[in-house]
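Enquirer: This is the content of query_20.cif (mmCIF, C-alpha atoms):
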data_my_file
#
loop_
_atom_site.group_PDB
_atom_site.id
_atom_site.type_symbol
_atom_site.label_atom_id
_atom_site.label_comp_id
_atom_site.auth_asym_id
_atom_site.auth_seq_id
_atom_site.Cartn_x
_atom_site.Cartn_y
_atom_site.Cartn_z
ATOM 1 C CA PRO S 1 -1.113 -22.563 -2.681
ATOM 2 C CA VAL S 2 -1.162 -19.674 -5.101
ATOM 3 C CA LEU S 3 -4.329 -19.981 -7.128
ATOM 4 C CA GLY S 4 -3.661 -17.104 -9.515
ATOM 5 C CA HIS S 5 -5.167 -13.697 -10.033
ATOM 6 C CA PRO S 6 -8.994 -13.582 -10.056
ATOM 7 C CA THR S 7 -9.055 -11.984 -13.512
ATOM 8 C CA GLU S 8 -6.849 -14.611 -15.159
ATOM 9 C CA PRO S 9 -8.759 -17.227 -17.188
ATOM 10 C CA ALA S 10 -8.629 -20.695 -15.688
ATOM 11 C CA THR S 11 -7.015 -23.156 -18.092
ATOM 12 C CA ALA S 12 -7.396 -26.181 -15.828
ATOM 13 C CA GLN S 13 -8.999 -26.836 -12.475
ATOM 14 C CA PRO S 14 -6.153 -26.750 -9.903
ATOM 15 C CA THR S 15 -5.757 -29.475 -7.329
ATOM 16 C CA LEU S 16 -6.820 -27.892 -4.067
ATOM 17 C CA PRO S 17 -6.011 -28.871 -0.500
ATOM 18 C CA HIS S 18 -8.861 -30.107 1.651
ATOM 19 C CA HIS S 19 -9.113 -26.735 3.445
ATOM 20 C CA VAL S 20 -8.714 -23.429 1.609
ATOM 21 C CA VAL S 21 -7.891 -20.224 3.503
ATOM 22 C CA TRP S 22 -8.157 -17.072 1.416
ATOM 23 C CA VAL S 23 -6.398 -13.882 2.581
ATOM 24 C CA SER S 24 -7.759 -10.828 0.787
ATOM 25 C CA HIS S 25 -5.342 -7.879 0.744
ATOM 26 C CA LYS S 26 -8.068 -5.366 -0.146
ATOM 27 C CA ASP S 27 -10.300 -2.734 1.371
ATOM 28 C CA PRO S 28 -13.495 -4.147 2.930
ATOM 29 C CA GLY S 29 -15.584 -2.986 -0.020
ATOM 30 C CA SER S 30 -13.721 -5.538 -2.152
ATOM 31 C CA TYR S 31 -14.167 -8.569 0.141
ATOM 32 C CA PRO S 32 -17.272 -9.878 -1.688
ATOM 33 C CA ARG S 33 -15.422 -10.122 -4.997
ATOM 34 C CA ALA S 34 -11.927 -10.830 -3.685
ATOM 35 C CA TRP S 35 -11.842 -14.613 -3.697
ATOM 36 C CA PRO S 36 -11.537 -16.361 -7.059
ATOM 37 C CA ASN S 37 -14.745 -18.368 -7.243
ATOM 38 C CA GLU S 38 -13.936 -19.273 -10.857
ATOM 39 C CA PHE S 39 -11.016 -21.321 -9.484
ATOM 40 C CA LEU S 40 -12.692 -22.723 -6.392
ATOM 41 C CA ASN S 41 -16.293 -23.127 -7.578
ATOM 42 C CA ARG S 42 -17.210 -22.594 -3.934
ATOM 43 C CA ARG S 43 -16.554 -20.317 -0.994
ATOM 44 C CA PRO S 44 -13.120 -20.794 0.627
ATOM 45 C CA ASP S 45 -13.266 -22.571 3.980
ATOM 46 C CA TYR S 46 -12.010 -19.455 5.752
ATOM 47 C CA ILE S 47 -11.727 -15.867 4.515
ATOM 48 C CA VAL S 48 -9.391 -13.316 6.083
ATOM 49 C CA GLY S 49 -9.615 -9.655 5.139
ATOM 50 C CA ARG S 50 -6.316 -7.810 5.551
ATOM 51 C CA SER S 51 -7.015 -4.100 5.397
ATOM 52 C CA MET S 52 -5.145 -0.846 5.900
ATOM 53 C CA TYR S 53 -7.037 2.348 6.595
ATOM 54 C CA GLU S 54 -5.636 5.654 7.812
ATOM 55 C CA TYR S 55 -8.791 7.724 8.327
ATOM 56 C CA THR S 56 -10.836 8.186 11.503
ATOM 57 C CA GLU S 57 -13.869 6.318 10.148
ATOM 58 C CA PHE S 58 -14.618 4.329 7.045
ATOM 59 C CA PRO S 59 -17.480 4.335 4.512
ATOM 60 C CA ALA S 60 -20.810 3.189 5.967
ATOM 61 C CA GLU S 61 -21.312 0.643 3.165
ATOM 62 C CA TRP S 62 -18.313 -1.338 4.464
ATOM 63 C CA LEU S 63 -19.924 -2.092 7.830
ATOM 64 C CA PRO S 64 -22.434 -4.760 6.704
ATOM 65 C CA ILE S 65 -19.676 -6.426 4.665
ATOM 66 C CA CYS S 66 -17.269 -6.577 7.618
ATOM 67 C CA ASN S 67 -19.925 -7.980 9.939
ATOM 68 C CA ASN S 68 -21.183 -10.568 7.415
ATOM 69 C CA ASP S 69 -19.703 -13.943 8.404
ATOM 70 C CA TYR S 70 -20.227 -15.390 4.925
ATOM 71 C CA LEU S 71 -18.151 -12.641 3.266
ATOM 72 C CA VAL S 72 -15.283 -12.550 5.784
ATOM 73 C CA ASP S 73 -14.468 -14.679 8.844
ATOM 74 C CA GLU S 74 -11.879 -12.380 10.398
ATOM 75 C CA ILE S 75 -10.127 -9.098 9.632
ATOM 76 C CA TRP S 76 -6.440 -8.313 10.133
ATOM 77 C CA VAL S 77 -5.423 -4.700 10.677
ATOM 78 C CA PRO S 78 -1.847 -3.403 11.049
ATOM 79 C CA SER S 79 -2.159 -1.381 14.271
ATOM 80 C CA ARG S 80 -4.248 -0.608 17.330
ATOM 81 C CA HIS S 81 -5.141 2.726 15.701
ATOM 82 C CA VAL S 82 -6.778 0.978 12.735
ATOM 83 C CA TYR S 83 -8.405 -1.552 15.091
ATOM 84 C CA ASP S 84 -10.007 1.326 17.012
ATOM 85 C CA ILE S 85 -11.254 2.904 13.754
ATOM 86 C CA PHE S 86 -12.970 -0.353 12.742
ATOM 87 C CA VAL S 87 -14.520 -0.824 16.207
ATOM 88 C CA HIS S 88 -15.668 2.814 16.338
ATOM 89 C CA SER S 89 -17.273 2.314 12.925
ATOM 90 C CA GLY S 90 -19.255 -0.670 14.252
ATOM 91 C CA VAL S 91 -17.225 -3.747 13.246
ATOM 92 C CA ALA S 92 -17.613 -6.651 15.700
ATOM 93 C CA HIS S 93 -14.633 -6.939 18.089
ATOM 94 C CA ARG S 94 -14.536 -10.727 17.701
ATOM 95 C CA LYS S 95 -13.575 -10.436 14.008
ATOM 96 C CA LEU S 96 -10.639 -8.049 14.434
ATOM 97 C CA PHE S 97 -6.987 -8.957 14.994
ATOM 98 C CA VAL S 98 -3.969 -6.657 15.086
ATOM 99 C CA ILE S 99 -1.267 -8.222 12.895
ATOM 100 C CA GLY S 100 1.721 -5.909 12.532
ATOM 101 C CA GLU S 101 3.453 -5.302 9.231
ATOM 102 C CA ALA S 102 6.134 -7.840 8.375
ATOM 103 C CA LEU S 103 9.749 -6.889 7.797
ATOM 104 C CA ASP S 104 12.413 -9.115 6.273
ATOM 105 C CA VAL S 105 15.204 -8.478 8.786
ATOM 106 C CA ASN S 106 17.741 -10.292 6.582
ATOM 107 C CA LEU S 107 17.043 -8.045 3.590
ATOM 108 C CA TRP S 108 16.811 -4.805 5.604
ATOM 109 C CA ASP S 109 19.843 -5.436 7.798
ATOM 110 C CA PRO S 110 21.922 -2.229 8.086
ATOM 111 C CA ARG S 111 25.051 -4.329 8.589
ATOM 112 C CA VAL S 112 24.810 -5.797 5.072
ATOM 113 C CA THR S 113 22.883 -3.124 3.150
ATOM 114 C CA ARG S 114 24.481 0.023 1.805
ATOM 115 C CA PRO S 115 22.631 3.307 2.419
ATOM 116 C CA LEU S 116 20.618 4.612 -0.514
ATOM 117 C CA ARG S 117 22.504 7.287 -2.416
ATOM 118 C CA LEU S 118 20.545 10.465 -3.098
ATOM 119 C CA PRO S 119 20.362 11.927 -5.650
ATOM 120 C CA PRO S 120 19.966 8.522 -7.281
ATOM 121 C CA ASP S 121 22.537 7.015 -9.573
ATOM 122 C CA PRO S 122 20.947 6.935 -13.080
ATOM 123 C CA ALA S 123 22.768 3.672 -13.803
ATOM 124 C CA ARG S 124 20.700 1.898 -11.117
ATOM 125 C CA ARG S 125 17.382 1.922 -13.051
ATOM 126 C CA TRP S 126 15.927 4.928 -11.241
ATOM 127 C CA ALA S 127 13.386 6.956 -13.143
ATOM 128 C CA TYR S 128 14.331 10.425 -11.964
ATOM 129 C CA ALA S 129 12.700 13.768 -12.596
ATOM 130 C CA SER S 130 13.183 17.170 -11.005
ATOM 131 C CA LEU S 131 10.583 19.875 -10.449
ATOM 132 C CA GLY S 132 13.303 22.459 -10.887
ATOM 133 C CA GLY S 133 14.205 21.218 -14.347
ATOM 134 C CA GLY S 134 17.457 19.591 -13.267
ATOM 135 C CA GLN S 135 19.642 18.643 -10.349
ATOM 136 C CA HIS S 136 20.660 21.434 -7.988
ATOM 137 C CA PRO S 137 24.454 21.872 -8.154
ATOM 138 C CA LYS S 138 24.827 21.359 -4.394
ATOM 139 C CA GLU S 139 22.181 18.671 -4.002
ATOM 140 C CA GLU S 140 24.723 16.178 -2.657
ATOM 141 C CA THR S 141 25.057 18.283 0.514
ATOM 142 C CA HIS S 142 21.324 18.975 0.979
ATOM 143 C CA PHE S 143 19.241 17.636 3.827
ATOM 144 C CA LYS S 144 17.202 14.923 2.140
ATOM 145 C CA PHE S 145 13.597 13.852 2.749
ATOM 146 C CA LEU S 146 12.515 10.525 1.231
ATOM 147 C CA SER S 147 8.877 9.411 0.953
ATOM 148 C CA LEU S 148 7.786 6.059 -0.498
ATOM 149 C CA PHE S 149 4.135 5.398 -1.340
ATOM 150 C CA LYS S 150 1.633 4.305 -3.963
ATOM 151 C CA TRP S 151 0.328 7.435 -5.732
ATOM 152 C CA GLU S 152 -3.230 7.809 -4.475
ATOM 153 C CA LEU S 153 -4.965 10.567 -2.555
ATOM 154 C CA ARG S 154 -5.294 8.616 0.695
ATOM 155 C CA LYS S 155 -1.494 8.465 0.937
ATOM 156 C CA GLY S 156 -1.481 12.236 1.440
ATOM 157 C CA TRP S 157 0.809 13.324 -1.407
ATOM 158 C CA ASP S 158 -1.110 16.629 -1.554
ATOM 159 C CA ALA S 159 -0.424 17.286 2.145
ATOM 160 C CA LEU S 160 3.230 16.273 1.744
ATOM 161 C CA LEU S 161 3.879 18.563 -1.217
ATOM 162 C CA GLY S 162 1.839 21.409 0.279
ATOM 163 C CA ALA S 163 3.808 21.312 3.544
ATOM 164 C CA TYR S 164 7.146 21.040 1.736
ATOM 165 C CA PHE S 165 6.510 23.978 -0.595
ATOM 166 C CA ARG S 166 5.140 26.136 2.236
ATOM 167 C CA GLU S 167 8.168 25.493 4.411
ATOM 168 C CA PHE S 168 11.037 25.632 1.909
ATOM 169 C CA ARG S 169 12.151 27.867 -0.952
ATOM 170 C CA ALA S 170 14.084 26.805 -4.051
ATOM 171 C CA GLU S 171 17.339 28.150 -2.631
ATOM 172 C CA ASP S 172 17.069 26.261 0.681
ATOM 173 C CA PRO S 173 19.542 23.373 1.064
ATOM 174 C CA VAL S 174 16.884 20.658 1.195
ATOM 175 C CA SER S 175 15.603 18.082 -1.287
ATOM 176 C CA LEU S 176 12.448 15.960 -1.323
ATOM 177 C CA TYR S 177 12.605 12.569 -3.049
ATOM 178 C CA ILE S 178 9.420 10.669 -3.793
ATOM 179 C CA CYS S 179 9.571 6.995 -4.733
ATOM 180 C CA THR S 180 6.138 6.129 -6.129
ATOM 181 C CA TYR S 181 4.079 4.657 -8.951
ATOM 182 C CA LEU S 182 0.606 5.128 -10.401
ATOM 183 C CA TRP S 183 -1.469 2.132 -9.275
ATOM 184 C CA GLY S 184 -3.220 0.396 -12.153
ATOM 185 C CA GLU S 185 -2.012 2.848 -14.805
ATOM 186 C CA PRO S 186 -0.019 2.076 -17.952
ATOM 187 C CA ASN S 187 3.583 3.271 -17.627
ATOM 188 C CA ALA S 188 3.010 3.365 -13.864
ATOM 189 C CA ARG S 189 6.633 4.243 -13.093
ATOM 190 C CA ASP S 190 7.090 6.939 -15.749
ATOM 191 C CA PRO S 191 8.097 10.049 -13.750
ATOM 192 C CA GLN S 192 6.604 12.364 -16.369
ATOM 193 C CA ASN S 193 3.132 10.906 -15.736
ATOM 194 C CA ILE S 194 3.506 11.735 -12.042
ATOM 195 C CA MET S 195 4.958 15.198 -12.761
ATOM 196 C CA ARG S 196 1.805 16.040 -14.701
ATOM 197 C CA LEU S 197 -0.261 15.292 -11.589
ATOM 198 C CA ILE S 198 1.903 17.519 -9.409
#
Turn the structure described in the file into structure tokens.

Expert:
Amino acid sequence: PVLGHPTEPATAQPTLPHHVVWVSHKDPGSYPRAWPNEFLNRRPDYIVGRSMYEYTEFPAEWLPICNNDYLVDEIWVPSRHVYDIFVHSGVAHRKLFVIGEALDVNLWDPRVTRPLRLPPDPARRWAYASLGGGQHPKEETHFKFLSLFKWELRKGWDALLGAYFREFRAEDPVSLYICTYLWGEPNARDPQNIMRLI
């Protein structure tokens, strides 16, 4: 059952099943505060940490959290690469499971989904901004790069933009499209907020 967001005030004690499994979609540093004890009034029966991490090692303060059986029973990671990072950092093998990313094959079926048109159609609720001050007159025929990510440093937006601007000039027939948002910020999808960061 969905118990609600941990920061939402509880208006009534929900009826809970006999066994409660809590899956925390957070970094390991957030496991201790990830389950909503104000709803449960106790520890869930089983806690799963589902974590992504792209670096070669993680912060040392995460290790005692990951290996603490009270804070997390098992940890799901999306790939063997991330599994190896956790093991190399000292996380117990027995707690780690590789669970690949899910994909809705009915929604993302190329037989029933039209290709995304770039540049985007303004009528389709795209917030669109251009570094060059406007759309290039021949942009329709450009080679197009598309990157989708949450705007945070660990996603590598600085490396992406640095590589793009080193490789291409304004007159080259290429375009880079970034579909992103500012996590936890007001007006998170306002392109002008992101342009200021670039």

Enquirer: Using the chain letters and numbers from this file, what does the PyMOL selection byres ((chain S and resi 87-90) around 12) select? Give the answer as an NGL selection string.

Expert: :S and (55-67 or 75 or 77 or 80-86 or 91-97)

Enquirer: Using C-alpha atoms, can you export the residues from the last selection as a PDB file, keeping the file's coordinate frame?

Expert:
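Now in result_14.pdb:
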ATOM      1  CA  TYR S  55      -8.791   7.724   8.327  1.00  0.00           C
ATOM      2  CA  THR S  56     -10.836   8.186  11.503  1.00  0.00           C
ATOM      3  CA  GLU S  57     -13.869   6.318  10.148  1.00  0.00           C
ATOM      4  CA  PHE S  58     -14.618   4.329   7.045  1.00  0.00           C
ATOM      5  CA  PRO S  59     -17.480   4.335   4.512  1.00  0.00           C
ATOM      6  CA  ALA S  60     -20.810   3.189   5.967  1.00  0.00           C
ATOM      7  CA  GLU S  61     -21.312   0.643   3.165  1.00  0.00           C
ATOM      8  CA  TRP S  62     -18.313  -1.338   4.464  1.00  0.00           C
ATOM      9  CA  LEU S  63     -19.924  -2.092   7.830  1.00  0.00           C
ATOM     10  CA  PRO S  64     -22.434  -4.760   6.704  1.00  0.00           C
ATOM     11  CA  ILE S  65     -19.676  -6.426   4.665  1.00  0.00           C
ATOM     12  CA  CYS S  66     -17.269  -6.577   7.618  1.00  0.00           C
ATOM     13  CA  ASN S  67     -19.925  -7.980   9.939  1.00  0.00           C
ATOM     14  CA  ILE S  75     -10.127  -9.098   9.632  1.00  0.00           C
ATOM     15  CA  VAL S  77      -5.423  -4.700  10.677  1.00  0.00           C
ATOM     16  CA  ARG S  80      -4.248  -0.608  17.330  1.00  0.00           C
ATOM     17  CA  HIS S  81      -5.141   2.726  15.701  1.00  0.00           C
ATOM     18  CA  VAL S  82      -6.778   0.978  12.735  1.00  0.00           C
ATOM     19  CA  TYR S  83      -8.405  -1.552  15.091  1.00  0.00           C
ATOM     20  CA  ASP S  84     -10.007   1.326  17.012  1.00  0.00           C
ATOM     21  CA  ILE S  85     -11.254   2.904  13.754  1.00  0.00           C
ATOM     22  CA  PHE S  86     -12.970  -0.353  12.742  1.00  0.00           C
ATOM     23  CA  VAL S  91     -17.225  -3.747  13.246  1.00  0.00           C
ATOM     24  CA  ALA S  92     -17.613  -6.651  15.700  1.00  0.00           C
ATOM     25  CA  HIS S  93     -14.633  -6.939  18.089  1.00  0.00           C
ATOM     26  CA  ARG S  94     -14.536 -10.727  17.701  1.00  0.00           C
ATOM     27  CA  LYS S  95     -13.575 -10.436  14.008  1.00  0.00           C
ATOM     28  CA  LEU S  96     -10.639  -8.049  14.434  1.00  0.00           C
ATOM     29  CA  PHE S  97      -6.987  -8.957  14.994  1.00  0.00           C
TER      30      PHE S  97
END

Enquirer: Which one is closest to Leu182 of chain S: S:Lys150, S:Arg166, S:Arg117, S:His19? Count all atoms listed in the file.

Expert: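 So, comparing all the options, the nearest one is S:Lys150.
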
Enquirer: Do you know which residues the PyMOL selection byres ((chain S and resi 28) around 8) returns on this file, as a list in words?

Expert: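 This file gives the following for the PyMOL selection byres ((chain S and resi 28) around 8): Lys26, Asp27, Gly29, Ser30, Tyr31, Gly49, Ser51, Trp62, Ile65 and Cys66 of chain S.
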
Enquirer: Find the axis-aligned box for segment 90-95 of chain S, covering all its listed atoms and adding 6 Å on each side, and write its centre and edge lengths in Å to one decimal as AutoDock Vina command-line options.

Expert:
--center_x -16.4 --center_y -5.7 --center_z 15.7 --size_x 17.7 --size_y 22.1 --size_z 16.8

Enquirer: Tell me which residues the PyMOL selection byres ((chain S and resi 198) around 10) grabs here, as a tab-separated table (two decimals) with C-alpha atoms, in the coordinates of the input.

Expert:
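Listed below is the output, out-v4.tsv:
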chain	number	residue	atom	x	y	z
S	131	LEU	CA	10.58	19.88	-10.45
S	157	TRP	CA	0.81	13.32	-1.41
S	158	ASP	CA	-1.11	16.63	-1.55
S	161	LEU	CA	3.88	18.56	-1.22
S	192	GLN	CA	6.60	12.36	-16.37
S	193	ASN	CA	3.13	10.91	-15.74
S	194	ILE	CA	3.51	11.74	-12.04
S	195	MET	CA	4.96	15.20	-12.76
S	196	ARG	CA	1.80	16.04	-14.70
S	197	LEU	CA	-0.26	15.29	-11.59

Enquirer: Using all atoms listed in the file, find the one residue out of S:Ala159, S:Val48, S:Tyr177, S:Pro120 that sits nearest to Phe145 of chain S.

Expert: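 Smallest distance to Phe145 of chain S is found for S:Tyr177.
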
Enquirer: Which of these residues is nearest to Glu54 of chain S, using all atoms listed in the file: S:Tyr70, S:Lys144, S:Lys155, S:Asn41?

Expert: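 Under the stated criterion, the closest residue is S:Lys155.
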
Enquirer: Quick one: pull the distance between atom CA of Gly100 of chain S and atom CA of Pro44 of chain S, Å, one decimal.

Expert: 24.2 Å

Enquirer: What does the distance from atom CA of Trp108 of chain S to atom CA of Pro78 of chain S come to in Å, to one decimal?

Expert: 19.5 Å

Enquirer: Between atom CA of Leu116 of chain S and atom CA of Tyr164 of chain S, what is the spacing in Å?

Expert: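 Value for the atom CA of Tyr164 of chain S-atom CA of Leu116 of chain S distance: 21.4 Å.
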
Enquirer: Determine, counting all atoms listed in the file, which protein, DNA and RNA residues have an atom within 6 Å of an atom of Thr180 of chain S; residues of the same chain fewer than 3 positions away are not included. Present the result as a PyMOL selection string.

Expert: chain S and resi 148-151

Enquirer: Of the candidates S:Glu152, S:Asp69, S:Glu167, S:Asp109, which shows the shortest atom-to-atom distance to Tyr181 of chain S, using all atoms listed in the file?

Expert: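 Ranking S:Glu152, S:Asp69, S:Glu167, S:Asp109 by distance to Tyr181 of chain S, first place goes to S:Glu152.
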